[in-house]
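Asker: Below is the file model_12.csv, with CSV, C-alpha atoms.
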chain,number,residue,atom,x,y,z
A,1,MET,CA,4.4,-18.3,-16.5
A,2,ALA,CA,1.2,-19.1,-14.6
A,3,CYS,CA,0.7,-19.7,-11.0
A,4,SER,CA,-2.6,-20.2,-9.1
A,5,LEU,CA,-4.0,-19.3,-5.7
A,6,ASP,CA,-7.4,-20.5,-4.5
A,7,ASN,CA,-7.9,-21.6,-8.1
A,8,GLN,CA,-7.5,-18.0,-9.4
A,9,PRO,CA,-4.8,-18.3,-12.0
A,10,TYR,CA,-2.3,-15.5,-12.6
A,11,VAL,CA,-0.1,-15.2,-15.6
A,12,VAL,CA,2.9,-12.9,-16.1
A,13,PRO,CA,5.6,-12.6,-18.7
A,14,VAL,CA,9.0,-13.8,-17.5
A,15,GLY,CA,12.5,-14.3,-18.9
A,16,PHE,CA,14.0,-17.7,-18.2
A,17,SER,CA,17.0,-19.9,-18.8
A,18,TYR,CA,16.4,-23.6,-19.7
A,19,GLU,CA,18.5,-26.6,-18.7
A,20,PRO,CA,17.4,-30.2,-19.1
A,21,GLY,CA,14.9,-30.9,-16.3
A,22,CYS,CA,14.5,-27.3,-15.1
A,23,VAL,CA,14.0,-23.6,-15.8
A,24,TYR,CA,15.7,-20.7,-14.0
A,25,ILE,CA,13.8,-17.4,-13.5
A,26,PHE,CA,14.6,-14.2,-11.7
A,27,SER,CA,12.0,-11.9,-10.2
A,28,THR,CA,11.3,-9.1,-7.7
A,29,LEU,CA,9.2,-9.9,-4.7
A,30,GLY,CA,5.5,-9.5,-5.5
A,31,LYS,CA,2.3,-11.2,-6.3
A,32,LYS,CA,3.6,-14.1,-8.2
A,33,ILE,CA,6.3,-15.0,-5.6
A,34,GLU,CA,3.7,-14.8,-2.8
A,35,CYS,CA,1.4,-17.1,-4.9
A,36,MET,CA,4.1,-19.7,-5.6
A,37,ARG,CA,5.3,-19.8,-2.0
A,38,GLN,CA,1.7,-20.9,-1.1
A,39,ASN,CA,1.1,-23.1,-4.1
A,40,PRO,CA,4.3,-24.4,-5.9
A,41,LYS,CA,2.4,-25.8,-8.9
A,42,VAL,CA,3.3,-23.7,-12.0
A,43,CYS,CA,3.0,-23.8,-15.7
A,44,LEU,CA,5.2,-22.1,-18.3
A,45,GLN,CA,4.5,-21.5,-22.0
A,46,ALA,CA,7.1,-20.3,-24.5
A,47,ASP,CA,7.0,-19.9,-28.2
A,48,GLU,CA,8.9,-18.8,-31.3
A,49,ILE,CA,6.7,-17.3,-33.9
A,50,ARG,CA,8.2,-16.6,-37.4
A,51,ASN,CA,4.7,-16.1,-39.0
A,52,ASP,CA,1.2,-17.5,-38.9
A,53,SER,CA,2.2,-20.7,-40.5
A,54,ASP,CA,5.7,-21.2,-39.0
A,55,TRP,CA,5.8,-21.4,-35.3
A,56,LEU,CA,6.4,-23.6,-32.3
A,57,SER,CA,5.0,-23.6,-28.8
A,58,VAL,CA,6.1,-25.5,-25.7
A,59,ILE,CA,4.1,-25.9,-22.4
A,60,VAL,CA,5.8,-27.1,-19.2
A,61,THR,CA,4.3,-27.9,-15.9
A,62,GLY,CA,6.5,-28.0,-12.9
A,63,THR,CA,7.2,-27.2,-9.3
A,64,TYR,CA,8.5,-24.0,-7.8
A,65,LEU,CA,11.7,-24.0,-5.8
A,66,GLU,CA,12.9,-20.8,-4.3
A,67,LEU,CA,16.7,-20.5,-4.4
A,68,GLY,CA,17.1,-18.9,-1.0
A,69,GLU,CA,20.3,-18.4,0.9
A,70,PRO,CA,22.2,-20.0,2.5
A,71,GLN,CA,20.6,-23.3,1.6
A,72,TYR,CA,20.7,-22.7,-2.2
A,73,THR,CA,23.6,-20.3,-2.5
A,74,GLU,CA,25.4,-22.4,-5.1
A,75,GLN,CA,22.3,-22.9,-7.2
A,76,ARG,CA,21.5,-19.2,-7.0
A,77,GLN,CA,24.9,-18.3,-8.3
A,78,HIS,CA,24.4,-20.8,-11.2
A,79,ALA,CA,21.0,-19.3,-12.0
A,80,ARG,CA,22.4,-15.7,-11.9
A,81,LYS,CA,25.2,-16.7,-14.3
A,82,LEU,CA,22.8,-18.3,-16.8
A,83,LEU,CA,20.3,-15.4,-16.7
A,84,GLU,CA,22.9,-12.7,-17.1
A,85,ARG,CA,23.8,-14.1,-20.5
A,86,HIS,CA,20.6,-12.7,-21.8
A,87,ASN,CA,21.8,-9.1,-22.0
A,88,ASN,CA,20.7,-8.2,-18.5
A,89,TRP,CA,17.1,-8.1,-19.8
A,90,TRP,CA,16.0,-8.5,-16.2
A,91,LEU,CA,17.3,-5.1,-15.2
A,92,ASN,CA,14.4,-3.5,-17.0
A,93,PRO,CA,11.4,-4.8,-15.0
A,94,LEU,CA,13.4,-4.2,-11.9
A,95,ALA,CA,14.1,-0.6,-12.8
A,96,GLU,CA,10.5,-0.2,-13.7
A,97,ARG,CA,9.3,-1.5,-10.4
A,98,ARG,CA,11.7,0.7,-8.5
A,99,GLU,CA,10.5,3.7,-10.3
A,100,GLN,CA,6.9,3.0,-9.4
A,101,THR,CA,7.5,2.3,-5.8
A,102,ASP,CA,10.3,4.8,-4.9
A,103,ASP,CA,11.8,1.8,-3.2
A,104,VAL,CA,15.4,1.0,-4.1
A,105,SER,CA,15.7,-1.9,-1.6
A,106,ILE,CA,13.4,-4.2,-3.5
A,107,LYS,CA,14.4,-7.8,-2.9
A,108,THR,CA,15.4,-10.0,-5.7
A,109,VAL,CA,14.3,-13.7,-5.9
A,110,PHE,CA,15.9,-16.4,-8.0
A,111,PHE,CA,13.9,-19.6,-8.4
A,112,ARG,CA,13.9,-22.8,-10.3
A,113,ILE,CA,11.0,-24.7,-11.8
A,114,ASP,CA,11.6,-28.4,-11.7
A,115,ILE,CA,9.9,-29.8,-14.8
A,116,ASN,CA,7.2,-32.5,-14.3
A,117,ALA,CA,5.8,-32.6,-17.9
A,118,MET,CA,6.5,-30.9,-21.2
A,119,SER,CA,4.5,-30.9,-24.5
A,120,GLY,CA,4.4,-28.8,-27.6
A,121,LEU,CA,3.0,-28.0,-31.0
A,122,ARG,CA,4.8,-27.0,-34.2
A,123,ALA,CA,3.5,-25.6,-37.5
A,124,THR,CA,5.7,-25.7,-40.5
A,125,PRO,CA,5.1,-23.9,-43.8
B,1,MET,CA,-4.3,-17.3,-21.2
B,2,ALA,CA,-4.2,-19.2,-17.9
B,3,CYS,CA,-6.8,-21.4,-16.3
B,4,SER,CA,-6.5,-23.6,-13.2
B,5,LEU,CA,-7.8,-26.9,-12.0
B,6,ASP,CA,-7.2,-28.3,-8.5
B,7,ASN,CA,-4.7,-25.4,-8.2
B,8,GLN,CA,-2.6,-26.7,-11.1
B,9,PRO,CA,-2.3,-23.7,-13.5
B,10,TYR,CA,-2.3,-24.2,-17.2
B,11,VAL,CA,-1.2,-21.6,-19.7
B,12,VAL,CA,-1.7,-21.6,-23.5
B,13,PRO,CA,-1.2,-19.1,-26.3
B,14,VAL,CA,-4.5,-17.7,-27.7
B,15,GLY,CA,-5.6,-15.1,-30.1
B,16,PHE,CA,-8.3,-12.8,-28.9
B,17,SER,CA,-10.4,-9.8,-29.7
B,18,TYR,CA,-10.9,-7.1,-27.1
B,19,GLU,CA,-14.0,-5.0,-26.4
B,20,PRO,CA,-14.4,-2.8,-23.4
B,21,GLY,CA,-15.4,-5.1,-20.5
B,22,CYS,CA,-14.6,-8.4,-22.2
B,23,VAL,CA,-12.4,-10.5,-24.5
B,24,TYR,CA,-13.5,-13.0,-27.2
B,25,ILE,CA,-11.6,-16.1,-27.9
B,26,PHE,CA,-11.9,-19.1,-30.2
B,27,SER,CA,-10.7,-22.6,-29.4
B,28,THR,CA,-11.0,-26.2,-30.3
B,29,LEU,CA,-12.3,-28.5,-27.5
B,30,GLY,CA,-9.5,-29.7,-25.3
B,31,LYS,CA,-7.7,-29.4,-22.0
B,32,LYS,CA,-8.2,-25.6,-21.5
B,33,ILE,CA,-12.0,-25.8,-22.3
B,34,GLU,CA,-12.4,-28.7,-19.9
B,35,CYS,CA,-10.5,-26.8,-17.3
B,36,MET,CA,-12.6,-23.6,-17.6
B,37,ARG,CA,-15.9,-25.4,-17.6
B,38,GLN,CA,-15.0,-26.7,-14.2
B,39,ASN,CA,-13.3,-23.5,-12.9
B,40,PRO,CA,-14.3,-20.3,-14.8
B,41,LYS,CA,-11.6,-18.1,-13.2
B,42,VAL,CA,-9.1,-17.1,-15.8
B,43,CYS,CA,-6.2,-14.7,-16.4
B,44,LEU,CA,-5.0,-13.3,-19.6
B,45,GLN,CA,-1.7,-11.6,-20.3
B,46,ALA,CA,-0.9,-9.6,-23.5
B,47,ASP,CA,2.1,-7.5,-24.5
B,48,GLU,CA,3.6,-5.5,-27.2
B,49,ILE,CA,7.4,-5.6,-27.2
B,50,ARG,CA,9.4,-3.2,-29.5
B,51,ASN,CA,12.6,-3.9,-27.7
B,52,ASP,CA,14.1,-4.4,-24.2
B,53,SER,CA,13.4,-0.8,-23.1
B,54,ASP,CA,10.2,-0.1,-25.0
B,55,TRP,CA,7.3,-2.5,-24.2
B,56,LEU,CA,4.0,-2.7,-22.5
B,57,SER,CA,2.2,-5.6,-20.8
B,58,VAL,CA,-1.4,-5.9,-19.6
B,59,ILE,CA,-2.8,-8.5,-17.2
B,60,VAL,CA,-6.6,-9.2,-17.0
B,61,THR,CA,-8.4,-11.5,-14.6
B,62,GLY,CA,-11.9,-12.5,-15.5
B,63,THR,CA,-14.7,-15.1,-15.8
B,64,TYR,CA,-15.2,-17.7,-18.5
B,65,LEU,CA,-18.5,-17.7,-20.3
B,66,GLU,CA,-19.0,-20.3,-23.1
B,67,LEU,CA,-21.0,-18.9,-26.0
B,68,GLY,CA,-23.0,-22.1,-26.6
B,69,GLU,CA,-26.0,-22.4,-28.8
B,70,PRO,CA,-28.8,-21.7,-28.8
B,71,GLN,CA,-28.5,-19.5,-25.7
B,72,TYR,CA,-25.7,-17.4,-27.0
B,73,THR,CA,-26.1,-17.6,-30.8
B,74,GLU,CA,-26.1,-13.9,-31.2
B,75,GLN,CA,-23.0,-13.4,-29.1
B,76,ARG,CA,-21.3,-16.2,-30.8
B,77,GLN,CA,-21.9,-14.6,-34.2
B,78,HIS,CA,-20.5,-11.4,-32.9
B,79,ALA,CA,-17.4,-13.1,-31.6
B,80,ARG,CA,-16.8,-14.9,-34.8
B,81,LYS,CA,-17.1,-11.7,-36.8
B,82,LEU,CA,-14.6,-9.9,-34.5
B,83,LEU,CA,-12.1,-12.8,-34.5
B,84,GLU,CA,-12.2,-13.3,-38.3
B,85,ARG,CA,-10.8,-9.8,-38.8
B,86,HIS,CA,-7.4,-11.1,-37.7
B,87,ASN,CA,-6.6,-12.8,-40.9
B,88,ASN,CA,-8.1,-16.2,-40.0
B,89,TRP,CA,-5.1,-16.8,-37.8
B,90,TRP,CA,-7.2,-19.3,-35.9
B,91,LEU,CA,-7.4,-21.7,-38.8
B,92,ASN,CA,-3.8,-22.7,-38.2
B,93,PRO,CA,-4.0,-24.2,-34.7
B,94,LEU,CA,-7.2,-25.9,-35.9
B,95,ALA,CA,-5.5,-27.4,-38.9
B,96,GLU,CA,-2.6,-28.5,-36.7
B,97,ARG,CA,-4.9,-30.2,-34.3
B,98,ARG,CA,-6.8,-32.0,-37.0
B,99,GLU,CA,-3.6,-33.2,-38.5
B,100,GLN,CA,-2.5,-34.7,-35.2
B,101,THR,CA,-5.7,-36.5,-34.4
B,102,ASP,CA,-7.0,-37.5,-37.9
B,103,ASP,CA,-10.3,-36.2,-36.6
B,104,VAL,CA,-12.0,-33.6,-38.9
B,105,SER,CA,-15.0,-33.4,-36.7
B,106,ILE,CA,-13.3,-31.4,-34.0
B,107,LYS,CA,-15.7,-29.1,-32.3
B,108,THR,CA,-15.1,-25.4,-32.2
B,109,VAL,CA,-15.8,-23.3,-29.1
B,110,PHE,CA,-16.3,-19.6,-28.8
B,111,PHE,CA,-16.1,-18.0,-25.4
B,112,ARG,CA,-16.0,-14.7,-23.7
B,113,ILE,CA,-13.9,-13.6,-20.7
B,114,ASP,CA,-15.8,-11.0,-18.7
B,115,ILE,CA,-13.1,-8.8,-17.2
B,116,ASN,CA,-13.0,-8.3,-13.4
B,117,ALA,CA,-9.7,-6.5,-13.1
B,118,MET,CA,-7.0,-5.1,-15.4
B,119,SER,CA,-3.5,-3.8,-14.7
B,120,GLY,CA,-0.4,-3.2,-16.6
B,121,LEU,CA,3.2,-2.0,-16.9
B,122,ARG,CA,4.9,0.1,-19.6
B,123,ALA,CA,8.5,0.8,-20.2
B,124,THR,CA,9.4,3.8,-22.4
B,125,PRO,CA,12.9,4.5,-23.8
Would you give me this structure, written as structure tokens?
Answerer:
Amino acid sequence: MACSLDNQPYVVPVGFSYEPGCVYIFSTLGKKIECMRQNPKVCLQADEIRNDSDWLSVIVTGTYLELGEPQYTEQRQHARKLLERHNNWWLNPLAERREQTDDVSIKTVFFRIDINAMSGLRATP
Amino acid sequence: MACSLDNQPYVVPVGFSYEPGCVYIFSTLGKKIECMRQNPKVCLQADEIRNDSDWLSVIVTGTYLELGEPQYTEQRQHARKLLERHNNWWLNPLAERREQTDDVSIKTVFFRIDINAMSGLRATP
């Protein structure tokens, strides 16, 4: 996922959950959240690569919406449920960040990217 | 790799070759090249993921330099040599693009990202 501030792009790996029209993502507070709060334009790229001649890639542009409480409590619960299906993968970056900062009170942020455009490429053997 | 135009970020998968201080990349002409010609600020993220608890991720910010001829002929040859080591992976997106556009005269661009900053995270089991 890429965001941009003062035309300096910033790209980070994220896990996500897709629904028609939007993508849900979970994060700790940090550079990317600060960036998207100031400029909600984002871009997301995902791929499945079997080998050099059998792959697909999708690129999405969209708008950041932070699922803060109490306004978005319901949507936040929905996002949490969807993201938890993926084996709690998100616990790892969180644990990693906590280890680095000695701060166990790190805030968690759920957000949604509302999709404006989607395109892709596919190679088949 | 992410670039940004008018604060709209754009992120695409790329192959690259790293040397201390810079990264070499090959591309066809298109949206990302047009973007970086207007705003040379870029960001590159790379990772190696063995599993959920054993991975590393590196993020680089840097500046786009197009290795055009004749000014950068020598650097362009160097980039080509480095990138060809990776099993000609770059022929695939090129072939794909050509198939889509029916245009066999697609221009190839070699460029270098001069690294300004680099950071990373690693998880170990």
Asker: Any idea which chain A residues end up within 6 Å of chain B if we count only C-alpha atoms, as a list in words please?
Answerer: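 Every residue meeting the condition is included here: Ala2, Cys3, Ser4, Asn7, Gln8, Pro9, Tyr10, Lys41, Val42 and Cys43 of chain A.
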Asker: Give me, please, the distance in Å between CA of Asp114 (chain B) and CA of His86 (chain B), quoted to one decimal.
Answerer: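 The value is 20.8 Å.
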Asker: With all atoms listed in the file as the basis for distance, which of B:Ile113, B:Leu83, B:Leu65, B:Leu56 is at the shortest distance from Phe26 (chain B)?
Answerer: B:Leu83
Asker: Which distance in Å separates CA of Lys32 (chain A) and CA of Ser17 (chain B), to one decimal?
Answerer: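 Atom-to-atom, CA of Lys32 (chain A) to CA of Ser17 (chain B), that is 26.0 Å.
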Asker: Report, in Å to a single decimal, how far apart CA of Phe16 (chain A) and CA of Arg85 (chain A) are.
Answerer: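 Pair CA of Arg85 (chain A) / CA of Phe16 (chain A) returns 10.7 Å.
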